[in-house]
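Enquirer: Have a look at this one before I ask anything.
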Amino acid sequence: QVQLVESGGGLVQPGGSLRLSCTASGSIFSTDVMGWYRQAPGKQRELVATITSGGIKYADSVKGRFTISRDGAKNTVSLQMNSLKPEDTAVYYCNVARVFSVNYWGKGTLVTVSS
């Protein structure tokens, strides 16, 4: 079993920055996909960014503004968010995905971008 705990959310003004972190307990394998998703009010959950040994993927809406990173030794995945916009407001979820469609989710952390 894997448990994920997110931190770093909060209120920030447009144009500001936040850094989200996710710490995983349990075994994380090098083949696991770690990533961030978000869900805005009234909308479906969407992919923000994922990272594997094979590469990184970003949603078009965050390219050039967000950076995902992973520390295998600490079992953490982070999301540096710069130039934040009001439309980035959402609950951000950490995810670990592995073979056979096994998915683990954190409880989420709220990011609010508002003046």
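Naming scheme: A, B, ... for chains in displayed order of the structure tokens; residues 1 onward per chain; ligands 1 onward as shown.
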Using 8 Å as the limit and counting only C-alpha atoms, can you tabulate each residue of stretch 1-83 of chain A that touches stretch 97-102 of chain A, with its shortest atom-to-atom distance in Å and the two atoms involved, as JSON lines?
Expert:
{"residue": "A:Thr31", "atom": "CA", "partner": "A:Arg98", "partner_atom": "CA", "distance": 7.1}
{"residue": "A:Asp32", "atom": "CA", "partner": "A:Arg98", "partner_atom": "CA", "distance": 4.9}
{"residue": "A:Val33", "atom": "CA", "partner": "A:Ala97", "partner_atom": "CA", "distance": 5.0}
{"residue": "A:Met34", "atom": "CA", "partner": "A:Ala97", "partner_atom": "CA", "distance": 6.5}
Enquirer: Within 12 Å of A:Lys43, counting only C-alpha atoms, which residues qualify if same-chain residues fewer than 6 places away don't, as a PyMOL selection string?
Expert: chain A and resi 87+89-91
Enquirer: Using all heavy atoms, can you write the selected residues to a file as a short mmCIF file (atom, residue, chain, number, x, y, z; two decimals), in the first residue's frame?
Expert:
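Contents of the output file part.cif:
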data_model
loop_
_atom_site.label_atom_id
_atom_site.label_comp_id
_atom_site.auth_asym_id
_atom_site.auth_seq_id
_atom_site.Cartn_x
_atom_site.Cartn_y
_atom_site.Cartn_z
N GLU A 87 -7.26 30.90 -12.99
CA GLU A 87 -7.77 29.62 -13.50
C GLU A 87 -6.97 28.42 -13.01
O GLU A 87 -7.34 27.28 -13.28
CB GLU A 87 -7.81 29.63 -15.04
CG GLU A 87 -6.54 30.06 -15.72
CD GLU A 87 -6.55 31.53 -16.10
OE1 GLU A 87 -7.01 32.37 -15.28
OE2 GLU A 87 -6.09 31.83 -17.22
N THR A 89 -6.74 27.92 -9.89
CA THR A 89 -7.41 27.62 -8.62
C THR A 89 -8.06 26.24 -8.69
O THR A 89 -8.86 25.96 -9.60
CB THR A 89 -8.46 28.68 -8.30
OG1 THR A 89 -7.82 29.94 -8.07
CG2 THR A 89 -9.27 28.30 -7.07
N ALA A 90 -7.71 25.38 -7.75
CA ALA A 90 -8.21 24.01 -7.75
C ALA A 90 -7.68 23.28 -6.52
O ALA A 90 -6.78 23.78 -5.83
CB ALA A 90 -7.77 23.27 -9.01
N VAL A 91 -8.23 22.11 -6.30
CA VAL A 91 -7.62 21.18 -5.36
C VAL A 91 -6.62 20.34 -6.15
O VAL A 91 -6.97 19.76 -7.19
CB VAL A 91 -8.67 20.27 -4.69
CG1 VAL A 91 -7.98 19.27 -3.76
CG2 VAL A 91 -9.67 21.10 -3.91
#
Enquirer: Taking 2 positions as the minimum chain separation for residues in the same chain, which residues sit within 12 Å of stretch 108-112 of chain A when counting only C-alpha atoms? Answer as a PyMOL selection string.
Expert: chain A and resi 4-14+16-22+36-41+45+81+84-95+104-106+114-115
Enquirer: Which polymer residues have any atom within 12 Å of an atom of A:Asp60, counting only C-alpha atoms, with same-chain residues fewer than 6 positions away left out, as an MDAnalysis selection string?
Expert: chainID A and resid 46:49 66
Enquirer: Go ahead and save the residues from that selection, with all heavy atoms, as a CSV table (one decimal), in the first residue's frame.
Expert:
chain,number,residue,atom,x,y,z
A,46,GLU,N,-8.2,16.8,-13.8
A,46,GLU,CA,-7.4,16.8,-15.0
A,46,GLU,C,-5.9,16.7,-14.6
A,46,GLU,O,-5.5,17.1,-13.5
A,46,GLU,CB,-7.6,18.1,-15.8
A,46,GLU,CG,-7.2,19.4,-15.0
A,46,GLU,CD,-7.3,20.6,-15.8
A,46,GLU,OE1,-7.8,20.6,-17.0
A,46,GLU,OE2,-6.9,21.7,-15.3
A,47,LEU,N,-5.2,16.1,-15.6
A,47,LEU,CA,-3.7,16.0,-15.4
A,47,LEU,C,-3.0,17.3,-15.4
A,47,LEU,O,-3.4,18.2,-16.3
A,47,LEU,CB,-3.2,15.1,-16.5
A,47,LEU,CG,-1.7,14.8,-16.5
A,47,LEU,CD1,-1.4,13.4,-17.0
A,47,LEU,CD2,-0.9,15.8,-17.3
A,48,VAL,N,-2.1,17.5,-14.5
A,48,VAL,CA,-1.2,18.7,-14.5
A,48,VAL,C,0.1,18.3,-15.0
A,48,VAL,O,0.6,19.0,-16.0
A,48,VAL,CB,-1.1,19.3,-13.1
A,48,VAL,CG1,-0.2,20.5,-13.1
A,48,VAL,CG2,-2.5,19.7,-12.6
A,49,ALA,N,0.8,17.3,-14.4
A,49,ALA,CA,2.1,16.9,-14.8
A,49,ALA,C,2.4,15.6,-14.3
A,49,ALA,O,1.9,15.2,-13.2
A,49,ALA,CB,3.1,17.9,-14.3
A,66,PHE,N,4.9,25.7,-14.7
A,66,PHE,CA,5.0,24.7,-13.7
A,66,PHE,C,6.2,23.8,-14.0
A,66,PHE,O,6.5,23.5,-15.1
A,66,PHE,CB,3.8,23.8,-13.6
A,66,PHE,CG,2.5,24.6,-13.1
A,66,PHE,CD1,2.5,25.9,-12.9
A,66,PHE,CD2,1.4,23.8,-12.8
A,66,PHE,CE1,1.4,26.6,-12.5
A,66,PHE,CE2,0.3,24.5,-12.3
A,66,PHE,CZ,0.3,25.9,-12.2
Enquirer: Nearest residue to A:Arg65 out of A:Thr52, A:Ser78, A:Gln44, A:Ser83, using only C-alpha atoms?
Expert: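 Looking only at the distances to A:Arg65, the closest residue turns out to be A:Ser83.
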Enquirer: Between atom CA of A:Ile68 and atom CA of A:Gln1, what is the distance, to one decimal in Å?
Expert: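 It comes out at 23.4 Å.
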Enquirer: Determine which residues of chain A receive a DSSP assignment of strand (DSSP E or B), computed from the backbone, and state them as a count of residues only.
Expert: 64
Enquirer: Got a sec: who's within 10 Å of A:Gly72, counting only C-alpha atoms, leaving out chain neighbours fewer than 6 positions off, as a PyMOL selection string?
Expert: chain A and resi 28-30
Enquirer: Keeping N, CA and C atoms for every residue in the selection just given, could you write it to a file as a PDB file, in the first residue's frame?
Expert:
ATOM      1  N   ILE A  28       7.816   2.727  -3.306  1.00  0.00           N
ATOM      2  CA  ILE A  28       7.684   3.398  -4.590  1.00  0.00           C
ATOM      3  C   ILE A  28       8.735   2.804  -5.520  1.00  0.00           C
ATOM      4  N   PHE A  29       8.295   2.357  -6.671  1.00  0.00           N
ATOM      5  CA  PHE A  29       9.192   1.715  -7.609  1.00  0.00           C
ATOM      6  C   PHE A  29       9.631   2.697  -8.689  1.00  0.00           C
ATOM      7  N   SER A  30      10.770   2.434  -9.256  1.00  0.00           N
ATOM      8  CA  SER A  30      11.288   3.333 -10.298  1.00  0.00           C
ATOM      9  C   SER A  30      10.376   3.352 -11.517  1.00  0.00           C
TER      10      SER A  30
END
Enquirer: Mind giving me the straight-line distance from atom CA of A:Gly15 to atom CA of A:Gly55 in Å, one decimal?
Expert: 27.4 Å
Enquirer: Do you have the atom CA of A:Leu79-atom CA of A:Val113 distance handy?
Expert: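 Interatomic distance here is 15.6 Å.
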